[in-house]
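Notes for the one structure printed next.
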Amino acid sequence: DAKTTQPTSMDCAEGRAANLPCNHSTISGNEYVYWYRQIHSQGPQYIIHGLKNNETNEMASLIITEDRKSSTLILPHATLRDTAVYYCIVRLHRDNYGQNFVFGPGTRLSVLP
Amino acid sequence: KAGVTQTPRYLIKTRGQQVTLSCSPISGHRSVSWYQQTPGQGLQFLFEYFSETQRNKGNFPGRFSGRQFSNSRSEMNVSTLELGDSALYLCASSPAWHRGTEAFFGQGTRLTVV
């Protein structure tokens with residue numbers, strides 16, 4: 001699976017959009033981009049994933065560049081409860097197995113009042 | 001719909017003992033994976049089960065083992081515990097093997113080895 005690079009930490013003002021970048025320059029054509037977050041001492045929470053098109057759900061939007069070498073997770077109106085470590089993971093899907101995710105250190109997002 | 005349930009939530013064991021952790025996946029999910037999280041190494045993949053068979057394994061010693069039952073519930077076992085095994089152990093379940101399937105994590109079992 002391709003390696004990802006994320007900033008170590010970011011701050012965001014409450015109510016503003018949080019834009020979390022991720023570089024995955026070695027991504028291959030059939031690797032997906034996943035985002036998870038982990039609030040202190042809890043299990044990781046799935047946010048969103050995509051292959052090449054931009055995706056949006058009730059939690060966030062995922063913008064993937066046309067060359068797929070980077071992506072941005074957007075939390076449109078950050079709240080204090082969005083303070084967490086955010087993980088960007090690039091993952092190849094194998095048809096019969098392969099649910100293992102390779103987690104990097106992630107980005108620690110602090111939403112400030 | 002209930003989420004992934006891990007039991008117990010907290011556990012204290014002594015070096016040399018063994019421990020068994022349990023994971024009940026989301027109803028209908030057939031895949032279960034286990035992860036270890038420590039401050040030094042972060043989140044690391046242990047192993048993955050589907051249809052009662054181990055499909056994938058991370059780089060952990062043989063003291064770490066697991067199994068999956070016919071109802072998809074899974075257990076992991078750590079024998080001859082070491083201090084370094086103190087960690088948050090997380091279980092994740094997934095519904096199927098379609099491309100782009102996400103995994104859902106439980107709250108974890110925090111194991112302390114003294």
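Chain labels A, B, ... are given in the sequence in which chains occur in the structure tokens; within each chain residues are numbered consecutively from 1, and ligands are likewise numbered from 1 in the order shown.
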Within 10 Å of chain A, which residues of chain B are there when counting only C-alpha atoms? Please give them as number ranges by chain.
B: 4, 31-35, 37, 41-50, 54-58, 88-94, 96-110
Could you write out the selected residues, including N, CA and C atoms, as a short mmCIF file (atom, residue, chain, number, x, y, z; two decimals), in the first residue's frame?
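The resulting file, again_29.cif, is shown below:
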```cif
data_model
loop_
_atom_site.label_atom_id
_atom_site.label_comp_id
_atom_site.auth_asym_id
_atom_site.auth_seq_id
_atom_site.Cartn_x
_atom_site.Cartn_y
_atom_site.Cartn_z
N VAL B 4 -19.43 -2.40 17.08
CA VAL B 4 -18.48 -3.45 17.44
C VAL B 4 -18.30 -3.43 18.96
N SER B 31 -16.07 -10.07 8.52
CA SER B 31 -14.62 -9.88 8.63
C SER B 31 -14.29 -9.20 9.94
N VAL B 32 -13.26 -9.71 10.61
CA VAL B 32 -12.80 -9.10 11.86
C VAL B 32 -11.29 -8.95 11.79
N SER B 33 -10.82 -7.75 12.13
CA SER B 33 -9.38 -7.50 12.20
C SER B 33 -9.02 -7.01 13.59
N TRP B 34 -7.78 -7.25 13.97
CA TRP B 34 -7.29 -6.81 15.28
C TRP B 34 -6.08 -5.90 15.09
N TYR B 35 -6.00 -4.89 15.96
CA TYR B 35 -4.90 -3.93 15.94
C TYR B 35 -4.41 -3.71 17.36
N GLN B 37 -2.43 -0.73 19.64
CA GLN B 37 -2.03 0.67 19.65
C GLN B 37 -1.22 0.97 20.90
N GLN B 41 4.58 2.91 19.05
CA GLN B 41 4.45 2.31 17.72
C GLN B 41 3.18 2.70 16.98
N GLY B 42 2.28 3.36 17.65
CA GLY B 42 1.04 3.76 17.00
C GLY B 42 0.12 2.56 16.79
N LEU B 43 -0.73 2.66 15.78
CA LEU B 43 -1.69 1.60 15.47
C LEU B 43 -1.04 0.59 14.52
N GLN B 44 -0.98 -0.67 14.96
CA GLN B 44 -0.37 -1.69 14.13
C GLN B 44 -1.32 -2.87 13.95
N PHE B 45 -1.37 -3.36 12.74
CA PHE B 45 -2.23 -4.47 12.37
C PHE B 45 -1.70 -5.78 12.94
N LEU B 46 -2.58 -6.54 13.57
CA LEU B 46 -2.22 -7.84 14.13
C LEU B 46 -2.61 -8.98 13.19
N PHE B 47 -3.89 -9.16 12.97
CA PHE B 47 -4.38 -10.18 12.05
C PHE B 47 -5.82 -9.93 11.67
N GLU B 48 -6.26 -10.72 10.71
CA GLU B 48 -7.57 -10.51 10.10
C GLU B 48 -8.20 -11.87 9.85
N TYR B 49 -9.50 -11.97 10.15
CA TYR B 49 -10.22 -13.22 9.97
C TYR B 49 -11.45 -13.01 9.09
N PHE B 50 -11.71 -13.99 8.28
CA PHE B 50 -12.92 -14.01 7.46
C PHE B 50 -13.34 -15.46 7.32
N GLN B 54 -7.89 -17.31 9.22
CA GLN B 54 -6.99 -16.16 9.24
C GLN B 54 -6.53 -15.88 7.82
N ARG B 55 -6.78 -14.64 7.36
CA ARG B 55 -6.50 -14.29 5.97
C ARG B 55 -5.24 -13.46 5.82
N ASN B 56 -4.85 -12.81 6.89
CA ASN B 56 -3.74 -11.88 6.80
C ASN B 56 -3.16 -11.72 8.20
N LYS B 57 -1.85 -11.52 8.27
CA LYS B 57 -1.23 -11.43 9.58
C LYS B 57 -0.17 -10.34 9.54
N GLY B 58 -0.09 -9.58 10.62
CA GLY B 58 0.92 -8.57 10.75
C GLY B 58 2.20 -9.15 11.32
N LEU B 88 -3.58 -0.58 23.89
CA LEU B 88 -5.00 -0.61 23.56
C LEU B 88 -5.17 -1.57 22.39
N TYR B 89 -5.98 -2.60 22.57
CA TYR B 89 -6.22 -3.57 21.51
C TYR B 89 -7.57 -3.29 20.88
N LEU B 90 -7.56 -3.08 19.59
CA LEU B 90 -8.75 -2.67 18.87
C LEU B 90 -9.17 -3.73 17.88
N CYS B 91 -10.46 -3.89 17.78
CA CYS B 91 -11.06 -4.83 16.84
C CYS B 91 -11.86 -4.02 15.83
N ALA B 92 -11.84 -4.45 14.58
CA ALA B 92 -12.62 -3.77 13.53
C ALA B 92 -13.39 -4.81 12.74
N SER B 93 -14.59 -4.48 12.34
CA SER B 93 -15.37 -5.40 11.51
C SER B 93 -15.78 -4.75 10.20
N SER B 94 -15.94 -5.58 9.20
CA SER B 94 -16.34 -5.12 7.87
C SER B 94 -17.39 -6.06 7.32
N ALA B 96 -18.19 -7.05 4.04
CA ALA B 96 -18.02 -7.94 2.90
C ALA B 96 -16.72 -7.59 2.21
N TRP B 97 -16.54 -8.14 1.05
CA TRP B 97 -15.25 -8.00 0.39
C TRP B 97 -15.36 -7.17 -0.89
N HIS B 98 -16.36 -6.33 -0.95
CA HIS B 98 -16.48 -5.46 -2.12
C HIS B 98 -15.39 -4.40 -2.09
N ARG B 99 -15.01 -3.94 -3.20
CA ARG B 99 -14.00 -2.90 -3.28
C ARG B 99 -14.51 -1.65 -2.60
N GLY B 100 -13.68 -1.04 -1.80
CA GLY B 100 -14.05 0.20 -1.14
C GLY B 100 -14.86 0.01 0.12
N THR B 101 -14.71 -1.13 0.77
CA THR B 101 -15.47 -1.37 2.00
C THR B 101 -14.73 -0.78 3.20
N GLU B 102 -15.47 -0.06 4.03
CA GLU B 102 -14.82 0.51 5.21
C GLU B 102 -14.87 -0.47 6.37
N ALA B 103 -14.05 -0.24 7.37
CA ALA B 103 -14.03 -1.03 8.59
C ALA B 103 -14.50 -0.16 9.75
N PHE B 104 -15.20 -0.78 10.68
CA PHE B 104 -15.73 -0.08 11.85
C PHE B 104 -15.05 -0.63 13.09
N PHE B 105 -14.54 0.27 13.90
CA PHE B 105 -13.75 -0.12 15.06
C PHE B 105 -14.59 -0.11 16.34
N GLY B 106 -14.20 -1.00 17.26
CA GLY B 106 -14.75 -0.97 18.60
C GLY B 106 -14.00 0.03 19.46
N GLN B 107 -14.39 0.09 20.74
CA GLN B 107 -13.77 1.04 21.66
C GLN B 107 -12.45 0.52 22.22
N GLY B 108 -12.19 -0.74 22.02
CA GLY B 108 -10.91 -1.28 22.44
C GLY B 108 -10.90 -1.88 23.83
N THR B 109 -9.90 -2.70 24.06
CA THR B 109 -9.60 -3.24 25.39
C THR B 109 -8.24 -2.70 25.78
N ARG B 110 -8.21 -2.02 26.92
CA ARG B 110 -6.92 -1.49 27.39
C ARG B 110 -6.30 -2.52 28.32
#
```
Per DSSP on the backbone, what are the strand (DSSP E) residues of chain B, as JSON, numbers by chain?
{"B": [5, 6, 7, 10, 11, 12, 13, 19, 20, 21, 22, 23, 24, 31, 32, 33, 34, 35, 36, 37, 38, 42, 43, 44, 45, 46, 47, 48, 49, 50, 53, 54, 55, 56, 57, 64, 65, 66, 67, 68, 74, 75, 76, 77, 78, 87, 88, 89, 90, 91, 92, 93, 94, 104, 105, 109, 110, 111, 112, 113]}
Those same residues, written as an mmCIF file, in the first residue's frame with C-alpha atoms?
```
data_model
loop_
_atom_site.group_PDB
_atom_site.id
_atom_site.type_symbol
_atom_site.label_atom_id
_atom_site.label_comp_id
_atom_site.auth_asym_id
_atom_site.auth_seq_id
_atom_site.Cartn_x
_atom_site.Cartn_y
_atom_site.Cartn_z
ATOM 1 C CA THR B 5 -18.348 -4.673 21.021
ATOM 2 C CA GLN B 6 -15.098 -5.501 22.761
ATOM 3 C CA THR B 7 -14.809 -7.089 26.170
ATOM 4 C CA TYR B 10 -9.933 -2.789 30.866
ATOM 5 C CA LEU B 11 -7.661 -5.557 32.034
ATOM 6 C CA ILE B 12 -4.642 -5.813 34.313
ATOM 7 C CA LYS B 13 -2.417 -8.858 34.046
ATOM 8 C CA VAL B 19 -5.004 -13.140 28.248
ATOM 9 C CA THR B 20 -7.988 -13.573 25.958
ATOM 10 C CA LEU B 21 -9.845 -10.612 24.473
ATOM 11 C CA SER B 22 -13.213 -10.826 22.791
ATOM 12 C CA CYS B 23 -14.776 -8.985 19.866
ATOM 13 C CA SER B 24 -18.355 -9.135 18.610
ATOM 14 C CA SER B 31 -14.622 -9.878 8.627
ATOM 15 C CA VAL B 32 -12.804 -9.101 11.859
ATOM 16 C CA SER B 33 -9.380 -7.497 12.196
ATOM 17 C CA TRP B 34 -7.291 -6.812 15.281
ATOM 18 C CA TYR B 35 -4.904 -3.931 15.935
ATOM 19 C CA GLN B 36 -2.528 -2.982 18.716
ATOM 20 C CA GLN B 37 -2.031 0.673 19.653
ATOM 21 C CA THR B 38 0.867 1.869 21.788
ATOM 22 C CA GLY B 42 1.036 3.760 16.999
ATOM 23 C CA LEU B 43 -1.686 1.602 15.469
ATOM 24 C CA GLN B 44 -0.365 -1.695 14.130
ATOM 25 C CA PHE B 45 -2.234 -4.471 12.374
ATOM 26 C CA LEU B 46 -2.219 -7.841 14.131
ATOM 27 C CA PHE B 47 -4.381 -10.184 12.052
ATOM 28 C CA GLU B 48 -7.568 -10.513 10.100
ATOM 29 C CA TYR B 49 -10.224 -13.221 9.965
ATOM 30 C CA PHE B 50 -12.917 -14.007 7.461
ATOM 31 C CA THR B 53 -9.929 -18.428 8.650
ATOM 32 C CA GLN B 54 -6.988 -16.159 9.242
ATOM 33 C CA ARG B 55 -6.496 -14.292 5.968
ATOM 34 C CA ASN B 56 -3.740 -11.879 6.803
ATOM 35 C CA LYS B 57 -1.225 -11.431 9.581
ATOM 36 C CA PHE B 64 -0.254 -13.361 19.599
ATOM 37 C CA SER B 65 -2.959 -15.560 18.162
ATOM 38 C CA GLY B 66 -6.611 -15.360 17.309
ATOM 39 C CA ARG B 67 -9.607 -17.208 16.072
ATOM 40 C CA GLN B 68 -13.029 -16.555 14.647
ATOM 41 C CA SER B 74 -13.529 -13.322 17.353
ATOM 42 C CA GLU B 75 -11.050 -13.730 20.158
ATOM 43 C CA MET B 76 -7.407 -12.911 20.383
ATOM 44 C CA ASN B 77 -4.998 -14.461 22.824
ATOM 45 C CA VAL B 78 -1.648 -13.280 24.058
ATOM 46 C CA ALA B 87 -1.565 -1.425 24.860
ATOM 47 C CA LEU B 88 -5.000 -0.605 23.562
ATOM 48 C CA TYR B 89 -6.222 -3.574 21.510
ATOM 49 C CA LEU B 90 -8.745 -2.668 18.865
ATOM 50 C CA CYS B 91 -11.056 -4.827 16.838
ATOM 51 C CA ALA B 92 -12.616 -3.775 13.533
ATOM 52 C CA SER B 93 -15.366 -5.403 11.508
ATOM 53 C CA SER B 94 -16.343 -5.120 7.872
ATOM 54 C CA PHE B 104 -15.732 -0.076 11.849
ATOM 55 C CA PHE B 105 -13.751 -0.118 15.064
ATOM 56 C CA THR B 109 -9.597 -3.242 25.390
ATOM 57 C CA ARG B 110 -6.923 -1.489 27.388
ATOM 58 C CA LEU B 111 -4.480 -4.100 28.645
ATOM 59 C CA THR B 112 -1.967 -3.254 31.328
ATOM 60 C CA VAL B 113 0.786 -5.760 32.087
#
```
(message) Report as a ChimeraX atom specification all protein, DNA and RNA residues lying within 10 Å of segment 18-24 of chain A, evaluated on only C-alpha atoms, omitting residues in the same chain fewer than 3 positions from it.
(response) /A:2-7,9-15,27-28,33,35,60-64,68-79,82,86-90,106-111
(message) Taking 6 positions as the minimum chain separation for residues in the same chain, which residues sit within 7 Å of Pro95 of chain B when counting only C-alpha atoms? Answer as number ranges by chain.
(response) B: 28-31
(message) Residues within 9 Å of Thr14 of chain B, please, as a PyMOL selection string. Count only C-alpha atoms; anything in the same chain fewer than 2 positions from it doesn't count.
(response) chain B and resi 12+16-18+81-83+112-114
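Taking atom CA of Arg15 of chain B and atom CA of Gly84 of chain B as the two end points, the separation is 9.7 Å.
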Give me, please, the distance in Å between atom CA of Phe69 of chain B and atom CA of Gly3 of chain B, quoted to one decimal.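 Going from atom CA of Phe69 of chain B over to atom CA of Gly3 of chain B, I get 18.1 Å.
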